[in-house]
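A.B. asks: The file below is start.tsv, TSV, C-alpha atoms:
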```tsv
chain	number	residue	atom	x	y	z
A	1	MET	CA	94.78	-118.02	108.24
A	2	ALA	CA	96.31	-118.57	104.82
A	3	ASP	CA	93.89	-119.23	102.00
A	4	LEU	CA	94.75	-122.89	101.52
A	5	LEU	CA	93.56	-124.50	98.33
A	6	SER	CA	92.99	-127.86	100.03
A	7	ASN	CA	90.39	-126.26	102.32
A	8	TRP	CA	87.96	-125.31	99.56
A	9	SER	CA	88.97	-126.65	96.13
A	10	ASN	CA	86.51	-129.58	96.26
A	11	THR	CA	83.61	-127.11	96.35
A	12	LEU	CA	84.58	-125.42	93.06
A	13	GLU	CA	83.04	-126.03	89.67
A	14	ALA	CA	85.40	-123.64	87.89
A	15	VAL	CA	88.93	-122.31	88.36
A	16	PRO	CA	88.66	-118.93	90.14
A	17	PRO	CA	90.27	-115.90	88.44
A	18	SER	CA	92.97	-115.82	91.14
A	19	HIS	CA	94.31	-119.14	89.84
A	20	CYS	CA	93.92	-118.56	86.08
A	21	ILE	CA	97.49	-118.04	84.92
A	22	PRO	CA	98.47	-115.85	81.91
A	23	VAL	CA	97.60	-117.38	78.56
A	24	HIS	CA	101.24	-117.73	77.46
A	25	GLU	CA	101.96	-119.89	80.51
A	26	ARG	CA	98.94	-122.19	80.25
A	27	PRO	CA	99.49	-125.86	79.34
A	28	LEU	CA	97.43	-125.70	76.15
A	29	ASP	CA	99.54	-127.82	73.78
A	30	PRO	CA	99.48	-131.64	73.97
A	31	VAL	CA	102.47	-133.08	75.85
A	32	GLU	CA	103.82	-136.56	75.20
A	33	ILE	CA	104.27	-138.76	78.27
A	34	VAL	CA	107.53	-140.61	77.66
A	35	ASP	CA	109.07	-143.70	79.21
A	36	ASN	CA	112.65	-143.05	78.08
A	37	ILE	CA	113.70	-140.85	81.00
A	38	PRO	CA	116.92	-142.53	82.21
A	39	VAL	CA	116.49	-145.14	84.96
A	40	ILE	CA	119.50	-145.69	87.23
A	41	ASP	CA	119.82	-148.93	89.20
A	42	LEU	CA	121.46	-147.90	92.47
A	43	GLY	CA	121.63	-151.55	93.48
A	44	LYS	CA	124.61	-151.89	91.16
A	45	ALA	CA	126.45	-148.88	92.58
A	46	ASN	CA	128.40	-150.91	95.14
A	47	GLY	CA	129.41	-153.75	92.86
A	48	GLU	CA	131.58	-154.42	89.85
A	49	GLU	CA	129.28	-152.32	87.66
A	50	ARG	CA	129.73	-149.13	89.70
A	51	SER	CA	131.79	-147.38	87.00
A	52	VAL	CA	129.05	-148.09	84.48
A	53	VAL	CA	126.37	-146.72	86.81
A	54	VAL	CA	128.42	-143.59	87.47
A	55	LYS	CA	128.72	-142.95	83.72
A	56	GLU	CA	124.98	-143.52	83.25
A	57	LEU	CA	124.14	-141.13	86.07
A	58	LEU	CA	126.42	-138.39	84.78
A	59	LYS	CA	125.08	-138.79	81.24
A	60	ALA	CA	121.52	-138.50	82.58
A	61	PHE	CA	122.40	-135.26	84.37
A	62	GLU	CA	124.11	-133.92	81.24
A	63	GLU	CA	121.35	-134.78	78.79
A	64	TYR	CA	118.15	-134.59	80.86
A	65	GLY	CA	118.93	-133.12	84.27
A	66	PHE	CA	116.50	-135.81	85.49
A	67	PHE	CA	116.44	-139.55	86.03
A	68	GLN	CA	114.59	-142.13	88.08
A	69	ILE	CA	116.29	-144.44	90.57
A	70	ILE	CA	115.35	-148.03	91.43
A	71	ASN	CA	116.79	-150.49	93.95
A	72	HIS	CA	117.65	-147.52	96.15
A	73	GLY	CA	117.23	-149.40	99.43
A	74	VAL	CA	114.44	-147.28	100.92
A	75	PRO	CA	111.85	-149.73	102.32
A	76	VAL	CA	108.67	-149.71	100.26
A	77	ASP	CA	106.50	-149.80	103.36
A	78	LEU	CA	108.22	-146.64	104.63
A	79	MET	CA	107.63	-144.90	101.28
A	80	ASP	CA	103.97	-145.89	101.41
A	81	GLU	CA	103.61	-144.80	105.02
A	82	ALA	CA	105.23	-141.42	104.35
A	83	MET	CA	102.87	-140.79	101.44
A	84	LYS	CA	99.91	-141.83	103.58
A	85	VAL	CA	100.95	-139.49	106.40
A	86	TYR	CA	101.23	-136.52	104.05
A	87	LYS	CA	97.87	-137.22	102.43
A	88	GLU	CA	96.30	-137.42	105.87
A	89	PHE	CA	97.90	-134.10	106.81
A	90	PHE	CA	96.46	-132.25	103.82
A	91	SER	CA	93.06	-133.81	104.56
A	92	LEU	CA	92.96	-132.45	108.11
A	93	PRO	CA	90.23	-129.94	108.96
A	94	ALA	CA	91.17	-126.34	108.22
A	95	GLU	CA	91.38	-125.39	111.89
A	96	GLU	CA	93.95	-128.15	112.57
A	97	LYS	CA	96.19	-126.95	109.73
A	98	ALA	CA	95.88	-123.33	110.85
A	99	GLU	CA	98.83	-123.62	113.23
A	100	TYR	CA	101.18	-124.17	110.30
A	101	ALA	CA	99.43	-122.01	107.68
A	102	LYS	CA	101.55	-118.94	108.20
A	103	ASP	CA	102.66	-116.03	106.08
A	104	ALA	CA	105.91	-117.69	105.13
A	105	ALA	CA	107.32	-114.44	103.78
A	106	ASN	CA	107.29	-113.02	107.32
A	107	ASP	CA	108.20	-116.21	109.16
A	108	THR	CA	111.41	-115.62	111.10
A	109	ASN	CA	111.98	-119.29	111.89
A	110	ARG	CA	112.79	-120.66	108.45
A	111	GLY	CA	113.40	-124.18	109.76
A	112	ALA	CA	109.94	-124.52	111.26
A	113	ALA	CA	107.09	-126.20	109.43
A	114	THR	CA	105.29	-123.74	107.16
A	115	LEU	CA	102.15	-124.40	105.16
A	116	TYR	CA	101.24	-122.10	102.28
A	117	SER	CA	99.45	-122.02	98.95
A	118	SER	CA	100.81	-121.41	95.44
A	119	SER	CA	104.59	-120.82	95.49
A	120	ALA	CA	107.31	-119.00	97.38
A	121	LYS	CA	107.13	-116.21	94.81
A	122	HIS	CA	103.37	-115.74	95.04
A	123	TYR	CA	102.13	-116.44	98.55
A	124	ASP	CA	102.60	-112.80	99.58
A	125	SER	CA	101.49	-111.14	96.34
A	126	GLU	CA	98.30	-110.33	94.49
A	127	GLU	CA	99.48	-112.10	91.35
A	128	HIS	CA	98.01	-115.33	90.02
A	129	ARG	CA	98.44	-118.41	92.17
A	130	TYR	CA	99.35	-121.93	91.22
A	131	TRP	CA	97.09	-124.89	92.00
A	132	ARG	CA	98.84	-126.36	95.01
A	133	ASP	CA	99.44	-126.25	98.75
A	134	VAL	CA	102.94	-126.72	100.13
A	135	LEU	CA	104.18	-128.03	103.47
A	136	GLU	CA	107.83	-127.19	104.01
A	137	HIS	CA	110.23	-127.72	106.89
A	138	SER	CA	113.87	-128.51	107.63
A	139	CYS	CA	115.02	-132.07	108.25
A	140	ASN	CA	118.30	-131.71	110.06
A	141	LEU	CA	120.72	-134.48	110.87
A	142	ASP	CA	120.57	-133.86	114.62
A	143	GLY	CA	116.78	-134.19	114.66
A	144	LYS	CA	116.32	-131.18	116.94
A	145	ASP	CA	113.95	-129.54	114.47
A	146	LYS	CA	111.36	-132.32	114.87
A	147	VAL	CA	109.65	-130.34	117.64
A	148	THR	CA	108.59	-127.82	114.98
A	149	TRP	CA	107.09	-130.47	112.70
A	150	PRO	CA	103.37	-131.21	112.63
A	151	SER	CA	102.16	-133.34	115.54
A	152	ASN	CA	99.11	-134.54	113.64
A	153	PRO	CA	98.83	-137.15	112.23
A	154	PRO	CA	100.27	-138.49	115.51
A	155	ARG	CA	102.92	-140.65	113.79
A	156	TYR	CA	104.12	-137.79	111.54
A	157	ARG	CA	107.41	-137.14	113.34
A	158	GLU	CA	108.32	-140.80	113.69
A	159	VAL	CA	107.57	-141.70	110.07
A	160	ILE	CA	109.03	-138.61	108.42
A	161	GLY	CA	112.07	-138.75	110.71
A	162	ALA	CA	112.85	-142.27	109.48
A	163	TYR	CA	112.03	-141.29	105.90
A	164	GLY	CA	114.34	-138.27	106.07
A	165	ASP	CA	117.20	-140.45	107.33
A	166	GLU	CA	116.76	-142.84	104.41
A	167	LEU	CA	116.65	-140.05	101.84
A	168	ARG	CA	119.76	-138.48	103.34
A	169	ARG	CA	121.55	-141.78	102.81
A	170	VAL	CA	120.36	-141.99	99.21
A	171	SER	CA	121.44	-138.40	98.55
A	172	LYS	CA	124.97	-139.21	99.75
A	173	VAL	CA	125.14	-142.15	97.34
A	174	ILE	CA	124.02	-139.97	94.43
A	175	LEU	CA	126.30	-137.03	95.25
A	176	GLY	CA	129.20	-139.43	95.78
A	177	MET	CA	128.73	-140.73	92.25
A	178	VAL	CA	128.41	-137.17	90.90
A	179	ALA	CA	131.76	-136.31	92.48
A	180	GLU	CA	133.32	-139.51	91.12
A	181	GLY	CA	131.95	-138.91	87.64
A	182	LEU	CA	133.25	-135.33	87.57
A	183	GLY	CA	136.66	-136.42	88.81
A	184	LEU	CA	136.38	-134.51	92.09
A	185	GLU	CA	138.15	-135.60	95.24
A	186	ALA	CA	136.51	-138.31	97.31
A	187	GLY	CA	134.16	-136.82	99.87
A	188	PHE	CA	133.69	-133.57	97.96
A	189	PHE	CA	130.01	-133.43	98.98
A	190	ASP	CA	130.54	-134.88	102.47
A	191	LYS	CA	130.60	-131.44	104.04
A	192	GLU	CA	127.58	-130.35	106.04
A	193	LEU	CA	124.56	-130.00	103.75
A	194	GLY	CA	121.07	-128.82	104.51
A	195	GLN	CA	118.00	-131.00	104.03
A	196	ARG	CA	114.44	-129.75	103.59
A	197	MET	CA	111.16	-131.53	103.04
A	198	LEU	CA	108.95	-129.74	100.53
A	199	VAL	CA	105.70	-131.60	100.02
A	200	ASN	CA	103.28	-130.49	97.32
A	201	HIS	CA	99.58	-131.26	97.32
A	202	TYR	CA	97.73	-130.62	94.05
A	203	PRO	CA	93.95	-131.08	94.42
A	204	ALA	CA	91.88	-132.23	91.43
A	205	CYS	CA	91.26	-129.21	89.21
A	206	PRO	CA	88.03	-128.27	87.37
A	207	ASP	CA	89.93	-127.09	84.26
A	208	PRO	CA	93.65	-128.01	84.00
A	209	SER	CA	94.03	-125.91	80.84
A	210	LEU	CA	93.70	-122.68	82.85
A	211	THR	CA	96.33	-123.24	85.51
A	212	LEU	CA	99.39	-125.19	86.60
A	213	GLY	CA	100.33	-127.00	89.78
A	214	VAL	CA	103.56	-125.03	89.61
A	215	GLY	CA	105.10	-123.13	86.71
A	216	GLY	CA	108.33	-123.86	84.91
A	217	HIS	CA	111.40	-123.44	87.11
A	218	CYS	CA	114.83	-124.82	87.95
A	219	ASP	CA	115.49	-125.88	91.54
A	220	PRO	CA	117.78	-123.75	93.74
A	221	ASN	CA	119.37	-126.64	95.64
A	222	LEU	CA	121.99	-129.28	94.78
A	223	ILE	CA	119.65	-132.19	94.06
A	224	THR	CA	115.98	-132.92	94.60
A	225	ILE	CA	114.65	-136.44	95.24
A	226	ILE	CA	110.93	-136.79	94.49
A	227	GLN	CA	108.46	-139.50	95.40
A	228	GLN	CA	105.34	-139.42	93.23
A	229	GLU	CA	102.43	-141.72	92.45
A	230	VAL	CA	100.25	-139.72	90.06
A	231	TYR	CA	101.40	-138.26	86.75
A	232	GLY	CA	101.90	-134.50	86.58
A	233	LEU	CA	105.64	-133.80	86.31
A	234	GLN	CA	106.87	-132.41	82.99
A	235	ILE	CA	110.41	-131.42	82.03
A	236	LEU	CA	111.74	-129.14	79.30
A	237	LYS	CA	113.81	-131.15	76.85
A	238	ASP	CA	115.12	-129.51	73.67
A	239	ASP	CA	112.68	-126.60	74.18
A	240	LYS	CA	109.74	-129.01	74.34
A	241	TRP	CA	107.75	-130.16	77.38
A	242	ILE	CA	107.68	-133.92	77.93
A	243	GLY	CA	105.82	-135.84	80.66
A	244	VAL	CA	107.56	-138.11	83.15
A	245	GLN	CA	105.67	-141.36	83.70
A	246	PRO	CA	105.91	-142.39	87.37
A	247	ILE	CA	107.54	-145.74	88.13
A	248	ARG	CA	106.14	-147.56	91.15
A	249	ASN	CA	108.55	-147.46	94.12
A	250	ALA	CA	111.09	-145.35	92.23
A	251	PHE	CA	112.30	-141.85	93.02
A	252	VAL	CA	112.78	-139.04	90.51
A	253	VAL	CA	116.07	-137.17	90.91
A	254	ASN	CA	116.93	-133.82	89.39
A	255	SER	CA	119.91	-131.52	89.61
A	256	GLY	CA	119.59	-127.93	90.79
A	257	LEU	CA	121.35	-124.74	89.75
A	258	PRO	CA	124.26	-125.07	92.24
A	259	ILE	CA	125.29	-128.33	90.56
A	260	THR	CA	125.60	-126.41	87.29
A	261	VAL	CA	127.94	-123.97	89.03
A	262	ILE	CA	130.03	-126.60	90.83
A	263	SER	CA	130.45	-128.59	87.59
A	264	ASN	CA	131.38	-125.32	85.80
A	265	GLY	CA	128.49	-125.75	83.38
A	266	LYS	CA	129.00	-129.43	82.61
A	267	LEU	CA	125.82	-130.66	84.33
A	268	ALA	CA	122.45	-129.20	83.45
A	269	SER	CA	119.70	-127.90	85.67
A	270	VAL	CA	116.53	-128.40	83.67
A	271	ALA	CA	113.27	-126.48	83.88
A	272	HIS	CA	110.25	-128.48	85.01
A	273	ARG	CA	106.60	-127.86	85.87
A	274	VAL	CA	103.56	-129.71	87.16
A	275	VAL	CA	100.19	-130.02	85.42
A	276	THR	CA	96.92	-130.84	87.16
A	277	ASN	CA	94.09	-133.22	86.32
A	278	THR	CA	90.33	-133.34	86.81
A	279	THR	CA	89.95	-136.73	88.47
A	280	GLN	CA	92.36	-137.09	91.38
A	281	SER	CA	94.65	-135.14	93.66
A	282	ARG	CA	98.41	-135.53	93.43
A	283	THR	CA	100.82	-135.45	96.36
A	284	SER	CA	104.57	-135.42	95.78
A	285	ILE	CA	107.26	-135.66	98.46
A	286	GLY	CA	110.31	-133.58	97.66
A	287	THR	CA	113.58	-133.93	99.57
A	288	PHE	CA	115.83	-130.95	98.89
A	289	ILE	CA	119.57	-131.28	99.55
A	290	CYS	CA	120.99	-127.78	99.89
A	291	PRO	CA	124.46	-126.21	99.93
A	292	HIS	CA	125.62	-125.10	103.34
A	293	ASP	CA	127.47	-121.93	102.44
A	294	ILE	CA	129.72	-121.06	99.50
A	295	VAL	CA	128.96	-122.28	95.96
A	296	GLU	CA	131.64	-122.01	93.28
A	297	PRO	CA	133.12	-124.03	90.41
A	298	ALA	CA	135.14	-126.93	91.77
A	299	LYS	CA	138.80	-125.92	91.69
A	300	SER	CA	139.83	-129.16	90.00
A	301	LEU	CA	137.48	-128.40	87.09
A	302	VAL	CA	138.90	-124.99	86.18
A	303	GLY	CA	142.22	-123.96	84.68
A	304	PRO	CA	143.81	-122.00	81.82
A	305	GLU	CA	141.96	-124.06	79.21
A	306	ASN	CA	138.71	-124.22	81.18
A	307	PRO	CA	138.22	-120.89	82.97
A	308	PRO	CA	135.46	-120.56	85.59
A	309	GLN	CA	132.06	-119.67	84.17
A	310	PHE	CA	130.61	-118.53	87.49
A	311	LYS	CA	131.60	-116.34	90.42
A	312	SER	CA	131.78	-117.67	93.95
A	313	PHE	CA	128.68	-116.78	95.99
A	314	ASN	CA	127.03	-117.43	99.33
A	315	TRP	CA	124.02	-119.62	98.64
A	316	GLY	CA	121.77	-118.32	101.42
A	317	ILE	CA	122.80	-114.68	101.41
A	318	ASP	CA	123.52	-113.94	97.73
A	319	PHE	CA	121.69	-116.55	95.67
A	320	MET	CA	118.39	-117.35	97.39
A	321	PRO	CA	117.07	-113.75	97.62
A	322	HIS	CA	117.64	-113.40	93.87
A	323	TYR	CA	116.12	-116.80	93.13
A	324	LEU	CA	112.96	-115.89	95.02
A	325	SER	CA	112.69	-112.52	93.30
A	326	LYS	CA	110.50	-111.87	90.27
A	327	LYS	CA	113.63	-111.48	88.15
A	328	SER	CA	114.43	-115.18	88.41
A	329	VAL	CA	113.20	-117.29	85.47
A	330	TYR	CA	114.61	-120.69	84.55
A	331	HIS	CA	118.39	-120.38	84.12
A	332	ALA	CA	118.21	-116.60	84.50
A	333	SER	CA	118.62	-117.30	88.20
A	334	LEU	CA	122.34	-117.71	87.52
A	335	GLU	CA	122.78	-114.64	85.30
A	336	PRO	CA	124.13	-112.31	88.04
A	337	PHE	CA	126.72	-114.94	88.97
A	338	LYS	CA	128.11	-115.63	85.51
A	339	ILE	CA	131.57	-114.44	84.53
A	340	ASP	CA	131.56	-112.54	81.26
A	341	ALA	CA	133.64	-114.18	78.58
```
Would you give me this structure, written as structure tokens?
C.D. replies:
Amino acid sequence: MADLLSNWSNTLEAVPPSHCIPVHERPLDPVEIVDNIPVIDLGKANGEERSVVVKELLKAFEEYGFFQIINHGVPVDLMDEAMKVYKEFFSLPAEEKAEYAKDAANDTNRGAATLYSSSAKHYDSEEHRYWRDVLEHSCNLDGKDKVTWPSNPPRYREVIGAYGDELRRVSKVILGMVAEGLGLEAGFFDKELGQRMLVNHYPACPDPSLTLGVGGHCDPNLITIIQQEVYGLQILKDDKWIGVQPIRNAFVVNSGLPITVISNGKLASVAHRVVTNTTQSRTSIGTFICPHDIVEPAKSLVGPENPPQFKSFNWGIDFMPHYLSKKSVYHASLEPFKIDA
């Protein structure tokens, strides 16, 4: 069975050598927790103020790559129940989680629920490990993948099924406004898109200065929608880490590397990381909206005066293997796909 952090971290008085990251990567410098991350009111997106909201959203993507959304329409009781279900899952006895704690690197059914420790780049290596466990599975529109989801807690499939439907709706609203703001044709993002749940559990840590929940990275998908309760998320702004203060009942949204390609470099994908703390665990629910196939600069955004900055590539076949390789760091994930000036 995988060496899950949640099975034994509460017995530790010190961070084991396996989880002590290199000194240059450690979160040693003080980081300011700011409250000026853009907040977008989705409740205004269907009214007279829609054009204003679209401009605010696009500006947030351009300047921060991150924002928080309020009045998104997801029922608060469903958000609370989803968080409760995930916390209960990570608190299950080790033997009950064993069914899902697989070697994800050798898992042939990539849509099935997989539980692992550290990160997708480290779970099959002898390198240092980050201070987290991850539960990951697909969340398809047809719902046929639910049979591969955890069956314990007993209400898992019902609650997360409803939650996934709500987040899919929210993602369509956000991507619709991205398309509108970029001047793309209506329905640009209405093609079939993948949806994955990636839930991180960061136990309380004996010494947060020696490790990270997850190291700095840019996401490989179109957008990520994050539900969080406990502080830990930090983003890289102007070459400086800043902390994102959680807002109750809000979601954090960030753009991934494919959005940078589709917008031909106009929208940023910003590096982010997660720090730990000594007093309480942190669980975050990530909903990843993924390209289905080909990623390339939108044709309406390129021309003689604005040539394409990136090559066309297949997201699953060309991009993801590189992203998951050790060569991929921050925006370097896009280096092989850039067109030389």
A.B. asks: Residues at most 9 Å from stretch 149-162 of chain A, counting all atoms listed in the file, excluding those fewer than 4 positions away in the same chain, as a PyMOL selection string?
C.D. replies: chain A and resi 78+81-82+85-86+88-89+92+96-97+99-100+112-114+137-139+143+145+166-167
A.B. asks: Which residues are close to A:Leu58, i.e. within 10 Å by all atoms listed in the file, leaving aside same-chain residues fewer than 3 positions away? Reply as a PyMOL selection string.
C.D. replies: chain A and resi 53-55+61-65+177-182+266-267
A.B. asks: Which residue gives the smallest distance to A:Val31 among A:Lys299, A:Lys44, A:Lys240, A:Lys311, with only C-alpha atoms counted?
C.D. replies: A:Lys240
A.B. asks: Could you make a table, as a Markdown table, of the residues of stretch 140-197 of chain A that have an atom within 7 Å of an atom of stretch 283-295 of chain A, each with its nearest atom pair and distance in Å to one decimal, counting all atoms listed in the file, in chain and number order?
C.D. replies:
```
| residue | atom | partner | partner_atom | distance |
| --- | --- | --- | --- | --- |
| A:Glu192 | CA | A:His292 | CA | 6.2 |
| A:Leu193 | CA | A:His292 | CA | 5.0 |
| A:Gly194 | CA | A:Cys290 | CA | 4.7 |
| A:Gln195 | CA | A:Ile289 | CA | 4.8 |
| A:Arg196 | CA | A:Phe288 | CA | 5.0 |
| A:Met197 | CA | A:Thr287 | CA | 4.9 |
```
A.B. asks: Can you spit out the residues from that selection as a tab-separated table (two decimals), keeping the file's coordinate frame, using C-alpha atoms?
C.D. replies:
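Everything below was put into selection.tsv:
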```tsv
chain	number	residue	atom	x	y	z
A	192	GLU	CA	127.58	-130.35	106.04
A	193	LEU	CA	124.56	-130.00	103.75
A	194	GLY	CA	121.07	-128.82	104.51
A	195	GLN	CA	118.00	-131.00	104.03
A	196	ARG	CA	114.44	-129.75	103.59
A	197	MET	CA	111.16	-131.53	103.04
```
A.B. asks: I'd like the box whose edges run along x, y and z of the file and which contains every listed atom of stretch 197-209 of chain A, padded by 4 Å per side; could you state its centre and edge lengths in Å, one decimal, as lines of an AutoDock Vina configuration file?
C.D. replies:
```
center_x = 99.6
center_y = -129.1
center_z = 91.9
size_x = 31.1
size_y = 14.3
size_z = 30.2
```
A.B. asks: What's the separation between atom CA of A:Arg273 and atom CA of A:Gly215, in Å to one decimal place?
C.D. replies: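 Interatomic distance here is 5.0 Å.
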A.B. asks: Find the residues around A:Trp131 up to 7 Å (only C-alpha atoms counted), leave out those fewer than 4 positions away in its own chain, and share them as a tab-separated table (two decimals) with C-alpha atoms, in the coordinates of the input.
C.D. replies:
```
chain	number	residue	atom	x	y	z
A	19	HIS	CA	94.31	-119.14	89.84
A	118	SER	CA	100.81	-121.41	95.44
A	202	TYR	CA	97.73	-130.62	94.05
A	211	THR	CA	96.33	-123.24	85.51
A	212	LEU	CA	99.39	-125.19	86.60
A	213	GLY	CA	100.33	-127.00	89.78
A	214	VAL	CA	103.56	-125.03	89.61
```
A.B. asks: How many Å lie between atom CA of A:Ser263 and atom CA of A:Pro336, rounded to one decimal?
C.D. replies: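 Spanning atom CA of A:Ser263 to atom CA of A:Pro336 is a straight-line distance of 17.5 Å.
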A.B. asks: One number please: atom CA of A:Asp239 to atom CA of A:Ile37, in Å, one decimal.
C.D. replies: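 Distance between the two atoms: 15.8 Å.
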A.B. asks: Can you tell me, as a PyMOL selection string, what residues are no more than 9 Å from A:Gly73 when counting all atoms listed in the file, ignoring any on the same chain fewer than 5 positions away?
C.D. replies: chain A and resi 42-43+166+170
